[in-house]
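File shown: entry.pdb. Contents: PDB, C-alpha atoms (C1' of nucleotides).
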```pdb
MODEL        1
ATOM      1  CA  MET A   1     -21.438 -32.397   3.408
ATOM      2  CA  GLN A   2     -18.268 -33.672   5.027
ATOM      3  CA  PRO A   3     -18.831 -35.816   8.114
ATOM      4  CA  GLY A   4     -16.575 -33.673  10.256
ATOM      5  CA  THR A   5     -17.877 -30.359   9.003
ATOM      6  CA  PRO A   6     -18.905 -28.209  11.933
ATOM      7  CA  ASP A   7     -22.490 -26.959  11.823
ATOM      8  CA  GLU A   8     -21.954 -23.336  11.085
ATOM      9  CA  ASP A   9     -24.924 -22.547   8.889
ATOM     10  CA  TRP A  10     -26.622 -20.766  11.737
ATOM     11  CA  ARG A  11     -23.866 -19.251  13.806
ATOM     12  CA  GLU A  12     -25.477 -16.864  16.271
ATOM     13  CA  ASP A  13     -24.031 -13.802  14.578
ATOM     14  CA  CYS A  14     -24.426 -14.913  10.972
ATOM     15  CA  ALA A  15     -25.907 -12.724   8.256
ATOM     16  CA  PRO A  16     -28.933 -14.923   7.490
ATOM     17  CA  ARG A  17     -30.027 -14.700  11.101
ATOM     18  CA  ARG A  18     -29.945 -10.940  10.909
ATOM     19  CA  VAL A  19     -32.158 -11.089   7.857
ATOM     20  CA  LEU A  20     -34.635 -13.179   9.769
ATOM     21  CA  GLU A  21     -34.647 -10.617  12.558
ATOM     22  CA  ILE A  22     -35.835  -8.011  10.108
ATOM     23  CA  PHE A  23     -38.692 -10.203   9.004
ATOM     24  CA  ALA A  24     -39.469 -11.032  12.603
ATOM     25  CA  THR A  25     -40.790  -7.531  13.212
ATOM     26  CA  LYS A  26     -44.304  -7.508  11.918
ATOM     27  CA  TRP A  27     -44.565  -4.339   9.861
ATOM     28  CA  THR A  28     -41.062  -3.575   8.617
ATOM     29  CA  SER A  29     -41.120  -5.647   5.459
ATOM     30  CA  MET A  30     -44.654  -4.562   4.611
ATOM     31  CA  ILE A  31     -43.654  -0.926   4.863
ATOM     32  CA  LEU A  32     -40.637  -1.501   2.650
ATOM     33  CA  HIS A  33     -42.794  -3.204   0.065
ATOM     34  CA  ALA A  34     -45.494  -0.539   0.195
ATOM     35  CA  LEU A  35     -42.970   2.256  -0.207
ATOM     36  CA  ASP A  36     -41.338   0.574  -3.165
ATOM     37  CA  ALA A  37     -43.889  -1.327  -5.189
ATOM     38  CA  ARG A  38     -46.871   0.839  -4.494
ATOM     39  CA  HIS A  39     -45.525   4.329  -4.018
ATOM     40  CA  GLY A  40     -42.324   4.454  -5.982
ATOM     41  CA  GLY A  41     -40.038   4.784  -2.993
ATOM     42  CA  ALA A  42     -41.671   7.600  -1.045
ATOM     43  CA  ALA A  43     -44.982   8.198   0.648
ATOM     44  CA  ARG A  44     -46.675  10.259   3.304
ATOM     45  CA  THR A  45     -47.795   8.840   6.611
ATOM     46  CA  GLY A  46     -51.496   8.708   5.861
ATOM     47  CA  VAL A  47     -50.974   7.118   2.474
ATOM     48  CA  LEU A  48     -48.776   4.475   4.029
ATOM     49  CA  GLN A  49     -51.312   3.756   6.707
ATOM     50  CA  ARG A  50     -54.005   3.217   4.111
ATOM     51  CA  SER A  51     -51.695   0.808   2.309
ATOM     52  CA  LEU A  52     -51.319  -1.335   5.395
ATOM     53  CA  PRO A  53     -54.728  -2.553   6.520
ATOM     54  CA  GLY A  54     -54.770  -3.211  10.222
ATOM     55  CA  ILE A  55     -51.786  -1.122  11.272
ATOM     56  CA  SER A  56     -52.366   1.394  14.035
ATOM     57  CA  LYS A  57     -50.970   4.893  14.065
ATOM     58  CA  LYS A  58     -48.810   3.896  16.970
ATOM     59  CA  MET A  59     -47.214   0.881  15.320
ATOM     60  CA  LEU A  60     -46.772   2.793  12.084
ATOM     61  CA  THR A  61     -44.901   5.653  13.717
ATOM     62  CA  GLN A  62     -42.950   3.333  15.963
ATOM     63  CA  THR A  63     -41.837   1.089  13.142
ATOM     64  CA  LEU A  64     -40.987   4.033  10.921
ATOM     65  CA  ARG A  65     -38.774   5.423  13.694
ATOM     66  CA  GLU A  66     -36.935   2.173  14.061
ATOM     67  CA  MET A  67     -36.458   1.934  10.334
ATOM     68  CA  GLU A  68     -35.152   5.469  10.271
ATOM     69  CA  ASN A  69     -32.680   4.659  13.026
ATOM     70  CA  SER A  70     -31.591   1.616  11.079
ATOM     71  CA  GLY A  71     -30.944   3.662   7.982
ATOM     72  CA  LEU A  72     -33.620   2.033   5.869
ATOM     73  CA  ILE A  73     -35.653   5.197   5.326
ATOM     74  CA  THR A  74     -35.397   8.952   5.792
ATOM     75  CA  ARG A  75     -37.977  11.332   7.148
ATOM     76  CA  HIS A  76     -38.791  14.634   5.466
ATOM     77  CA  VAL A  77     -41.000  17.277   7.038
ATOM     78  CA  GLU A  78     -42.800  19.965   5.066
ATOM     79  CA  GLY A  79     -43.161  22.926   7.359
ATOM     80  CA  THR A  80     -46.814  23.403   6.617
ATOM     81  CA  VAL A  81     -50.044  23.369   8.543
ATOM     82  CA  PRO A  82     -51.298  20.780   8.766
ATOM     83  CA  PRO A  83     -47.917  19.019   8.689
ATOM     84  CA  ALA A  84     -46.905  16.860   5.745
ATOM     85  CA  VAL A  85     -44.298  14.205   6.383
ATOM     86  CA  GLU A  86     -42.807  12.004   3.737
ATOM     87  CA  TYR A  87     -40.755   8.866   4.182
ATOM     88  CA  ARG A  88     -38.294   7.766   1.534
ATOM     89  CA  LEU A  89     -36.292   4.637   0.998
ATOM     90  CA  THR A  90     -32.560   5.079   1.407
ATOM     91  CA  ALA A  91     -30.043   3.270  -0.784
ATOM     92  CA  LEU A  92     -29.737   0.745   1.999
ATOM     93  CA  GLY A  93     -33.485   0.403   2.201
ATOM     94  CA  ARG A  94     -33.668  -0.180  -1.498
ATOM     95  CA  ARG A  95     -31.276  -3.081  -1.181
ATOM     96  CA  PHE A  96     -33.646  -4.772   1.201
ATOM     97  CA  ILE A  97     -36.419  -4.545  -1.349
ATOM     98  CA  GLU A  98     -34.942  -7.577  -3.029
ATOM     99  CA  PRO A  99     -35.597 -10.163  -0.309
ATOM    100  CA  VAL A 100     -38.891  -8.500   0.550
ATOM    101  CA  GLU A 101     -40.183  -8.768  -2.998
ATOM    102  CA  LEU A 102     -38.822 -12.288  -3.220
ATOM    103  CA  LEU A 103     -41.026 -13.331  -0.322
ATOM    104  CA  TYR A 104     -43.963 -11.274  -1.480
ATOM    105  CA  ARG A 105     -43.996 -12.880  -4.903
ATOM    106  CA  TRP A 106     -43.445 -16.352  -3.558
ATOM    107  CA  GLY A 107     -46.451 -15.906  -1.329
ATOM    108  CA  ARG A 108     -48.596 -14.657  -4.175
ATOM    109  CA  ASP A 109     -47.485 -17.529  -6.401
ATOM    110  CA  ASN A 110     -47.934 -20.194  -3.757
ATOM    111  CA  ALA A 111     -51.157 -19.303  -2.075
ATOM    112  CA  ASP A 112     -52.240 -22.925  -2.481
ATOM    113  CA  ALA A 113     -49.336 -24.212  -0.413
ATOM    114  CA  LEU A 114     -50.164 -21.674   2.264
ATOM    115  CA  ASP A 115     -53.742 -22.858   2.335
ATOM    116  CA  GLN A 116     -52.549 -26.366   3.107
ATOM    117  CA  LEU A 117     -50.717 -25.080   6.149
ATOM    118  CA  GLY A 118     -52.224 -25.958   9.488
ATOM    119  CA  SER A 119     -53.244 -23.062  11.684
ATOM    120  CA  ARG A 120     -50.456 -23.696  14.157
ATOM    121  CA  ALA A 121     -47.772 -22.885  11.635
ATOM    122  CA  THR A 122     -46.403 -20.049  13.604
ATOM    123  CA  GLY A 123     -47.455 -20.788  17.102
ATOM    124  CA  ARG A 124     -50.113 -18.110  16.906
ATOM    125  CA  ARG A 125     -53.749 -18.793  17.593
TER     126      ARG A 125
ATOM    127  CA  MET B   1     -50.219   2.271 -10.654
ATOM    128  CA  GLN B   2     -53.606   3.712 -11.463
ATOM    129  CA  PRO B   3     -54.602   6.644  -9.272
ATOM    130  CA  GLY B   4     -57.809   5.018  -8.199
ATOM    131  CA  THR B   5     -56.331   1.590  -7.592
ATOM    132  CA  PRO B   6     -57.286   0.404  -4.128
ATOM    133  CA  ASP B   7     -54.370  -0.551  -1.912
ATOM    134  CA  GLU B   8     -54.779  -4.269  -1.773
ATOM    135  CA  ASP B   9     -51.172  -5.444  -1.668
ATOM    136  CA  TRP B  10     -51.466  -6.234   2.020
ATOM    137  CA  ARG B  11     -55.011  -7.329   2.561
ATOM    138  CA  GLU B  12     -55.211  -8.799   6.044
ATOM    139  CA  ASP B  13     -55.770 -12.332   4.775
ATOM    140  CA  CYS B  14     -53.398 -12.235   1.821
ATOM    141  CA  ALA B  15     -50.880 -14.953   1.077
ATOM    142  CA  PRO B  16     -47.746 -12.827   1.493
ATOM    143  CA  ARG B  17     -48.800 -11.957   5.020
ATOM    144  CA  ARG B  18     -49.077 -15.622   5.844
ATOM    145  CA  VAL B  19     -45.559 -16.141   4.574
ATOM    146  CA  LEU B  20     -44.348 -13.401   6.855
ATOM    147  CA  GLU B  21     -46.043 -15.102   9.779
ATOM    148  CA  ILE B  22     -43.963 -18.185   9.169
ATOM    149  CA  PHE B  23     -40.773 -16.187   9.203
ATOM    150  CA  ALA B  24     -41.954 -14.319  12.264
ATOM    151  CA  THR B  25     -41.509 -17.398  14.413
ATOM    152  CA  LYS B  26     -37.884 -17.467  15.328
ATOM    153  CA  TRP B  27     -36.811 -21.063  14.724
ATOM    154  CA  THR B  28     -39.111 -22.424  12.052
ATOM    155  CA  SER B  29     -37.176 -21.312   9.011
ATOM    156  CA  MET B  30     -33.853 -22.279  10.561
ATOM    157  CA  ILE B  31     -35.122 -25.769  11.223
ATOM    158  CA  LEU B  32     -36.388 -26.087   7.668
ATOM    159  CA  HIS B  33     -33.037 -24.982   6.331
ATOM    160  CA  ALA B  34     -31.084 -27.252   8.631
ATOM    161  CA  LEU B  35     -33.184 -30.262   7.721
ATOM    162  CA  ASP B  36     -32.810 -29.604   4.044
ATOM    163  CA  ALA B  37     -29.435 -28.112   3.263
ATOM    164  CA  ARG B  38     -27.481 -29.721   6.034
ATOM    165  CA  HIS B  39     -29.134 -33.061   6.677
ATOM    166  CA  GLY B  40     -30.745 -34.024   3.413
ATOM    167  CA  GLY B  41     -34.314 -33.719   4.626
ATOM    168  CA  ALA B  42     -34.218 -35.726   7.853
ATOM    169  CA  ALA B  43     -32.415 -35.536  11.167
ATOM    170  CA  ARG B  44     -32.611 -36.624  14.760
ATOM    171  CA  THR B  45     -33.353 -34.253  17.595
ATOM    172  CA  GLY B  46     -29.866 -33.996  18.965
ATOM    173  CA  VAL B  47     -28.331 -33.443  15.565
ATOM    174  CA  LEU B  48     -30.806 -30.688  14.875
ATOM    175  CA  GLN B  49     -30.084 -29.039  18.170
ATOM    176  CA  ARG B  50     -26.390 -28.990  17.420
ATOM    177  CA  SER B  51     -27.147 -27.408  14.057
ATOM    178  CA  LEU B  52     -28.973 -24.533  15.685
ATOM    179  CA  PRO B  53     -26.645 -22.740  18.083
ATOM    180  CA  GLY B  54     -28.565 -21.091  20.869
ATOM    181  CA  ILE B  55     -31.786 -23.068  20.646
ATOM    182  CA  SER B  56     -33.025 -24.634  23.860
ATOM    183  CA  LYS B  57     -34.482 -28.103  24.131
ATOM    184  CA  LYS B  58     -37.792 -26.550  24.973
ATOM    185  CA  MET B  59     -37.989 -24.285  21.944
ATOM    186  CA  LEU B  60     -36.725 -27.042  19.697
ATOM    187  CA  THR B  61     -39.404 -29.509  20.759
ATOM    188  CA  GLN B  62     -42.084 -26.865  20.817
ATOM    189  CA  THR B  63     -41.305 -25.570  17.346
ATOM    190  CA  LEU B  64     -41.032 -29.088  15.963
ATOM    191  CA  ARG B  65     -44.492 -29.871  17.338
ATOM    192  CA  GLU B  66     -45.984 -26.805  15.752
ATOM    193  CA  MET B  67     -44.334 -27.647  12.450
ATOM    194  CA  GLU B  68     -45.662 -31.174  12.687
ATOM    195  CA  ASN B  69     -49.166 -29.856  13.315
ATOM    196  CA  SER B  70     -48.789 -27.571  10.329
ATOM    197  CA  GLY B  71     -47.807 -30.442   8.100
ATOM    198  CA  LEU B  72     -44.292 -29.215   7.418
ATOM    199  CA  ILE B  73     -42.538 -32.206   8.973
ATOM    200  CA  THR B  74     -43.279 -35.696  10.258
ATOM    201  CA  ARG B  75     -42.020 -37.368  13.410
ATOM    202  CA  HIS B  76     -40.698 -40.925  13.447
ATOM    203  CA  VAL B  77     -39.880 -42.788  16.635
ATOM    204  CA  GLU B  78     -37.501 -45.725  16.794
ATOM    205  CA  GLY B  79     -38.603 -47.909  19.673
ATOM    206  CA  THR B  80     -35.162 -48.231  21.149
ATOM    207  CA  VAL B  81     -33.514 -47.375  24.430
ATOM    208  CA  PRO B  82     -32.419 -44.686  24.554
ATOM    209  CA  PRO B  83     -35.099 -43.353  22.213
ATOM    210  CA  ALA B  84     -34.207 -42.223  18.707
ATOM    211  CA  VAL B  85     -36.548 -39.747  17.036
ATOM    212  CA  GLU B  86     -36.211 -38.507  13.518
ATOM    213  CA  TYR B  87     -37.916 -35.573  11.849
ATOM    214  CA  ARG B  88     -38.469 -35.495   8.120
ATOM    215  CA  LEU B  89     -39.614 -32.819   5.726
ATOM    216  CA  THR B  90     -42.993 -33.461   4.163
ATOM    217  CA  ALA B  91     -43.756 -32.569   0.550
ATOM    218  CA  LEU B  92     -45.350 -29.410   1.891
ATOM    219  CA  GLY B  93     -42.308 -28.695   3.984
ATOM    220  CA  ARG B  94     -40.086 -29.110   0.982
ATOM    221  CA  ARG B  95     -42.050 -26.468  -0.851
ATOM    222  CA  PHE B  96     -41.230 -23.980   1.833
ATOM    223  CA  ILE B  97     -37.554 -24.648   1.380
ATOM    224  CA  GLU B  98     -37.634 -22.352  -1.596
ATOM    225  CA  PRO B  99     -38.332 -19.061   0.193
ATOM    226  CA  VAL B 100     -36.166 -20.137   3.119
ATOM    227  CA  GLU B 101     -33.158 -20.742   0.925
ATOM    228  CA  LEU B 102     -33.884 -17.562  -0.967
ATOM    229  CA  LEU B 103     -33.535 -15.567   2.239
ATOM    230  CA  TYR B 104     -30.610 -17.585   3.500
ATOM    231  CA  ARG B 105     -28.594 -16.995   0.349
ATOM    232  CA  TRP B 106     -29.505 -13.358   0.160
ATOM    233  CA  GLY B 107     -28.244 -12.907   3.697
ATOM    234  CA  ARG B 108     -25.011 -14.696   2.930
ATOM    235  CA  ASP B 109     -24.488 -12.634  -0.229
ATOM    236  CA  ASN B 110     -25.318  -9.330   1.374
ATOM    237  CA  ALA B 111     -23.585  -9.492   4.710
ATOM    238  CA  ASP B 112     -22.154  -6.047   4.004
ATOM    239  CA  ALA B 113     -25.578  -4.467   3.710
ATOM    240  CA  LEU B 114     -26.563  -6.084   6.973
ATOM    241  CA  ASP B 115     -23.498  -4.664   8.654
ATOM    242  CA  GLN B 116     -24.647  -1.177   7.686
ATOM    243  CA  LEU B 117     -27.914  -1.740   9.470
ATOM    244  CA  GLY B 118     -28.388   0.129  12.688
ATOM    245  CA  SER B 119     -28.963  -1.916  15.791
ATOM    246  CA  ARG B 120     -32.570  -0.835  16.077
ATOM    247  CA  ALA B 121     -33.562  -2.518  12.848
ATOM    248  CA  THR B 122     -36.076  -4.751  14.452
ATOM    249  CA  GLY B 123     -36.879  -3.034  17.654
ATOM    250  CA  ARG B 124     -34.778  -5.566  19.530
ATOM    251  CA  ARG B 125     -31.843  -4.619  21.679
TER     252      ARG B 125
ATOM    253  C1'  DC C   1     -31.554 -39.381  24.428
ATOM    254  C1'  DG C   2     -35.734 -37.008  23.854
ATOM    255  C1'  DG C   3     -39.287 -34.803  26.191
ATOM    256  C1'  DT C   4     -41.938 -32.425  29.808
ATOM    257  C1'  DA C   5     -43.090 -29.231  33.553
ATOM    258  C1'  DT C   6     -42.520 -24.786  35.729
ATOM    259  C1'  DC C   7     -41.457 -20.284  36.320
ATOM    260  C1'  DC C   8     -40.419 -15.757  34.584
ATOM    261  C1'  DT C   9     -39.593 -11.748  31.692
ATOM    262  C1'  DG C  10     -39.427  -8.558  27.844
ATOM    263  C1'  DG C  11     -41.419  -6.128  24.699
ATOM    264  C1'  DG C  12     -44.363  -6.563  20.504
ATOM    265  C1'  DA C  13     -48.661  -5.051  19.605
ATOM    266  C1'  DG C  14     -53.428  -3.259  20.141
ATOM    267  C1'  DA C  15     -56.910   0.302  21.903
ATOM    268  C1'  DT C  16     -57.934   4.818  23.193
ATOM    269  C1'  DA C  17     -57.550   9.593  23.903
ATOM    270  C1'  DC C  18     -55.039  13.887  23.533
ATOM    271  C1'  DT C  19     -51.905  17.751  21.247
ATOM    272  C1'  DG C  20     -50.242  21.195  17.737
TER     273       DG C  20
ATOM    274  C1'  DC D   1     -52.409  15.347   9.388
ATOM    275  C1'  DA D   2     -48.776  13.483  12.111
ATOM    276  C1'  DG D   3     -47.341  12.259  16.442
ATOM    277  C1'  DT D   4     -47.496  11.211  21.747
ATOM    278  C1'  DA D   5     -48.931   9.347  25.854
ATOM    279  C1'  DT D   6     -50.810   5.690  28.595
ATOM    280  C1'  DC D   7     -52.532   1.311  29.740
ATOM    281  C1'  DT D   8     -52.956  -3.383  29.078
ATOM    282  C1'  DC D   9     -52.496  -7.921  27.334
ATOM    283  C1'  DC D  10     -50.258 -11.786  26.219
ATOM    284  C1'  DC D  11     -47.225 -14.958  24.500
ATOM    285  C1'  DA D  12     -42.698 -15.970  22.319
ATOM    286  C1'  DG D  13     -38.875 -17.430  24.163
ATOM    287  C1'  DG D  14     -35.299 -18.308  27.697
ATOM    288  C1'  DA D  15     -33.574 -20.795  32.174
ATOM    289  C1'  DT D  16     -33.777 -24.598  35.031
ATOM    290  C1'  DA D  17     -34.820 -28.987  36.804
ATOM    291  C1'  DC D  18     -36.888 -33.455  36.447
ATOM    292  C1'  DC D  19     -38.556 -37.970  33.965
ATOM    293  C1'  DG D  20     -38.486 -42.624  31.255
TER     294       DG D  20
ENDMDL
END
```

Entire entry expressed as structure tokens:
Amino acid sequence: MQPGTPDEDWREDCAPRRVLEIFATKWTSMILHALDARHGGAARTGVLQRSLPGISKKMLTQTLREMENSGLITRHVEGTVPPAVEYRLTALGRRFIEPVELLYRWGRDNADALDQLGSRATGRR
Amino acid sequence: MQPGTPDEDWREDCAPRRVLEIFATKWTSMILHALDARHGGAARTGVLQRSLPGISKKMLTQTLREMENSGLITRHVEGTVPPAVEYRLTALGRRFIEPVELLYRWGRDNADALDQLGSRATGRR
DNA sequence: CGGTATCCTGGGAGATACTG
DNA sequence: CAGTATCTCCCAGGATACCG
């Protein structure tokens, strides 16, 4: 690193920061992973909910809406009764599978390191 | 995937979820990256602050404390006036560099994909 | 220079109940 | 089954000012 090099690794509008923002929202990355690794890219609401222990209907719907607005997934309604709604990864969504799986696997492979972590790792209690 | 396979990818206490918690706290990963990639593993407070555009003194100190409590970094005080404090990555902290850099590089290499993202990606405005 | 003390706000996130 | 509608909590995170 040159002495005079300006510190631009974390410019406020840089791409890495935008990645972090995605991971900052609790359920987004888990939904992406569940859709991809577990359900082959598409799943119905109820199936998704059962894949994400602890998520509420509200947060599921809310997060799915945001992801739809972001272009990560699409929503498909079967005009039946009772209704059947399926969510599918878009091409864009599929691109984001890469970093999500990266983190998922790292976590799985480094559970020991995570166990060493103090409880105040994230500021949560 | 077997039909009867229980959905255990995201058990509430699983390792990948704990990784996500780390990335859920805004500044932690940026500090880890800055310490490592930009400052060789150790840096003083002021230097760090200048490496993280937008961070406030409060959030910097607060996040550093939490990271210290988690065992990711150590704090070293030089008994001088004015005070000089240096933060260093621990062995544990260095392990976490891996996923951090993974995400950082992916963001850098996929800025185009991020540009396609709608503004409601994370629920923030 | 590094740190602390306040004060304040947004909105993430949960719980619950209701509708078609 | 999928989705809304409320209500509430609470805490991450920012702004500002002061201290040794």

Counting only C-alpha atoms (C1' of nucleotides), a student should be able to say which residues of chain B come within 8 Å of chain C; what is the right answer, written as an mmCIF file with C-alpha atoms, keeping the file's coordinate frame?
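In the end it all went to part-v2.cif:
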```cif
data_model
loop_
_atom_site.group_PDB
_atom_site.id
_atom_site.type_symbol
_atom_site.label_atom_id
_atom_site.label_comp_id
_atom_site.auth_asym_id
_atom_site.auth_seq_id
_atom_site.Cartn_x
_atom_site.Cartn_y
_atom_site.Cartn_z
ATOM 1 C CA THR B 45 -33.353 -34.253 17.595
ATOM 2 C CA GLY B 46 -29.866 -33.996 18.965
ATOM 3 C CA THR B 61 -39.404 -29.509 20.759
ATOM 4 C CA PRO B 82 -32.419 -44.686 24.554
ATOM 5 C CA PRO B 83 -35.099 -43.353 22.213
ATOM 6 C CA ALA B 84 -34.207 -42.223 18.707
ATOM 7 C CA VAL B 85 -36.548 -39.747 17.036
#
```

Selected residue, from A:Glu68, A:Asp9, A:Glu86, A:Glu101, that lies nearest to chain D when counting only C-alpha atoms (C1' of nucleotides): A:Glu86

Point-to-point distance in Å for atom CA of A:Arg94 and atom CA of A:Glu78: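 If I compute the distance from atom CA of A:Glu78 to atom CA of A:Arg94, I get 23.1 Å.
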
Picked residues, the PyMOL selection byres ((chain B) within 7 of (chain A)), as a ChimeraX atom specification: /B:7,10-12,15-16,19-25,51-54,66-67,69-71,92,99,103-104,106-108,111,113-114,117-123

Could you superpose chain A on chain B by least squares over every Cα, matched in sequence order, and send it back as a short mmCIF file (atom, residue, chain, number, x, y, z; two decimals) with C-alpha atoms, keeping the file's coordinate frame?
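To be explicit, this is the file written out as superposed_18.cif:
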```
data_model
loop_
_atom_site.label_atom_id
_atom_site.label_comp_id
_atom_site.auth_asym_id
_atom_site.auth_seq_id
_atom_site.Cartn_x
_atom_site.Cartn_y
_atom_site.Cartn_z
CA MET A 1 -50.31 2.10 -10.64
CA GLN A 2 -53.73 3.50 -11.42
CA PRO A 3 -54.75 6.45 -9.26
CA GLY A 4 -57.98 4.80 -8.19
CA THR A 5 -56.48 1.39 -7.56
CA PRO A 6 -57.39 0.23 -4.08
CA ASP A 7 -54.43 -0.69 -1.89
CA GLU A 8 -54.78 -4.41 -1.76
CA ASP A 9 -51.17 -5.52 -1.68
CA TRP A 10 -51.44 -6.30 2.00
CA ARG A 11 -54.99 -7.41 2.57
CA GLU A 12 -55.17 -8.88 6.06
CA ASP A 13 -55.72 -12.40 4.78
CA CYS A 14 -53.34 -12.30 1.82
CA ALA A 15 -50.81 -15.02 1.07
CA PRO A 16 -47.68 -12.87 1.49
CA ARG A 17 -48.74 -11.99 5.01
CA ARG A 18 -49.02 -15.65 5.86
CA VAL A 19 -45.50 -16.16 4.59
CA LEU A 20 -44.29 -13.43 6.87
CA GLU A 21 -46.00 -15.11 9.80
CA ILE A 22 -43.90 -18.18 9.22
CA PHE A 23 -40.73 -16.14 9.28
CA ALA A 24 -41.96 -14.29 12.33
CA THR A 25 -41.47 -17.36 14.50
CA LYS A 26 -37.83 -17.45 15.38
CA TRP A 27 -36.76 -21.03 14.76
CA THR A 28 -39.08 -22.40 12.09
CA SER A 29 -37.15 -21.28 9.04
CA MET A 30 -33.82 -22.25 10.58
CA ILE A 31 -35.10 -25.75 11.25
CA LEU A 32 -36.37 -26.07 7.70
CA HIS A 33 -33.03 -24.97 6.34
CA ALA A 34 -31.06 -27.25 8.64
CA LEU A 35 -33.18 -30.25 7.73
CA ASP A 36 -32.81 -29.60 4.03
CA ALA A 37 -29.42 -28.12 3.28
CA ARG A 38 -27.48 -29.75 6.04
CA HIS A 39 -29.15 -33.07 6.66
CA GLY A 40 -30.78 -34.01 3.40
CA GLY A 41 -34.34 -33.69 4.63
CA ALA A 42 -34.26 -35.71 7.84
CA ALA A 43 -32.45 -35.54 11.14
CA ARG A 44 -32.64 -36.63 14.74
CA THR A 45 -33.38 -34.27 17.58
CA GLY A 46 -29.87 -34.04 18.95
CA VAL A 47 -28.34 -33.49 15.54
CA LEU A 48 -30.80 -30.72 14.85
CA GLN A 49 -30.07 -29.08 18.15
CA ARG A 50 -26.37 -29.05 17.40
CA SER A 51 -27.13 -27.44 14.05
CA LEU A 52 -28.94 -24.56 15.70
CA PRO A 53 -26.60 -22.80 18.10
CA GLY A 54 -28.51 -21.14 20.88
CA ILE A 55 -31.75 -23.11 20.68
CA SER A 56 -32.97 -24.70 23.89
CA LYS A 57 -34.44 -28.16 24.12
CA LYS A 58 -37.74 -26.59 24.98
CA MET A 59 -37.93 -24.29 21.98
CA LEU A 60 -36.70 -27.05 19.70
CA THR A 61 -39.39 -29.50 20.77
CA GLN A 62 -42.05 -26.82 20.86
CA THR A 63 -41.27 -25.55 17.39
CA LEU A 64 -41.02 -29.05 15.98
CA ARG A 65 -44.48 -29.80 17.37
CA GLU A 66 -45.95 -26.75 15.77
CA MET A 67 -44.31 -27.59 12.49
CA GLU A 68 -45.66 -31.10 12.71
CA ASN A 69 -49.16 -29.77 13.33
CA SER A 70 -48.76 -27.49 10.36
CA GLY A 71 -47.80 -30.36 8.11
CA LEU A 72 -44.28 -29.15 7.43
CA ILE A 73 -42.54 -32.16 8.98
CA THR A 74 -43.32 -35.65 10.25
CA ARG A 75 -42.09 -37.34 13.38
CA HIS A 76 -40.77 -40.89 13.40
CA VAL A 77 -39.99 -42.80 16.57
CA GLU A 78 -37.64 -45.77 16.72
CA GLY A 79 -38.82 -47.94 19.56
CA THR A 80 -35.40 -48.29 21.08
CA VAL A 81 -33.74 -47.46 24.35
CA PRO A 82 -32.60 -44.81 24.49
CA PRO A 83 -35.24 -43.43 22.11
CA ALA A 84 -34.32 -42.26 18.63
CA VAL A 85 -36.63 -39.76 16.99
CA GLU A 86 -36.26 -38.51 13.47
CA TYR A 87 -37.96 -35.56 11.84
CA ARG A 88 -38.49 -35.44 8.11
CA LEU A 89 -39.62 -32.77 5.73
CA THR A 90 -43.00 -33.39 4.16
CA ALA A 91 -43.77 -32.48 0.56
CA LEU A 92 -45.33 -29.32 1.90
CA GLY A 93 -42.27 -28.62 4.00
CA ARG A 94 -40.07 -29.06 1.00
CA ARG A 95 -42.00 -26.40 -0.85
CA PHE A 96 -41.17 -23.92 1.86
CA ILE A 97 -37.49 -24.61 1.40
CA GLU A 98 -37.56 -22.30 -1.58
CA PRO A 99 -38.28 -19.01 0.22
CA VAL A 100 -36.12 -20.09 3.15
CA GLU A 101 -33.10 -20.70 0.95
CA LEU A 102 -33.83 -17.51 -0.93
CA LEU A 103 -33.47 -15.53 2.27
CA TYR A 104 -30.55 -17.57 3.51
CA ARG A 105 -28.54 -16.97 0.37
CA TRP A 106 -29.44 -13.32 0.18
CA GLY A 107 -28.17 -12.88 3.70
CA ARG A 108 -24.94 -14.68 2.94
CA ASP A 109 -24.43 -12.64 -0.22
CA ASN A 110 -25.26 -9.32 1.39
CA ALA A 111 -23.55 -9.44 4.71
CA ASP A 112 -22.13 -5.99 3.97
CA ALA A 113 -25.57 -4.43 3.69
CA LEU A 114 -26.54 -6.05 6.96
CA ASP A 115 -23.48 -4.60 8.63
CA GLN A 116 -24.61 -1.13 7.63
CA LEU A 117 -27.90 -1.67 9.41
CA GLY A 118 -28.37 0.22 12.63
CA SER A 119 -28.95 -1.86 15.73
CA ARG A 120 -32.57 -0.81 16.01
CA ALA A 121 -33.51 -2.51 12.78
CA THR A 122 -35.96 -4.80 14.38
CA GLY A 123 -36.91 -3.03 17.53
CA ARG A 124 -34.80 -5.43 19.55
CA ARG A 125 -32.08 -4.28 21.87
#
```

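Going from atom CA of B:Gly79 over to atom CA of B:Ala43, you cover 16.2 Å.
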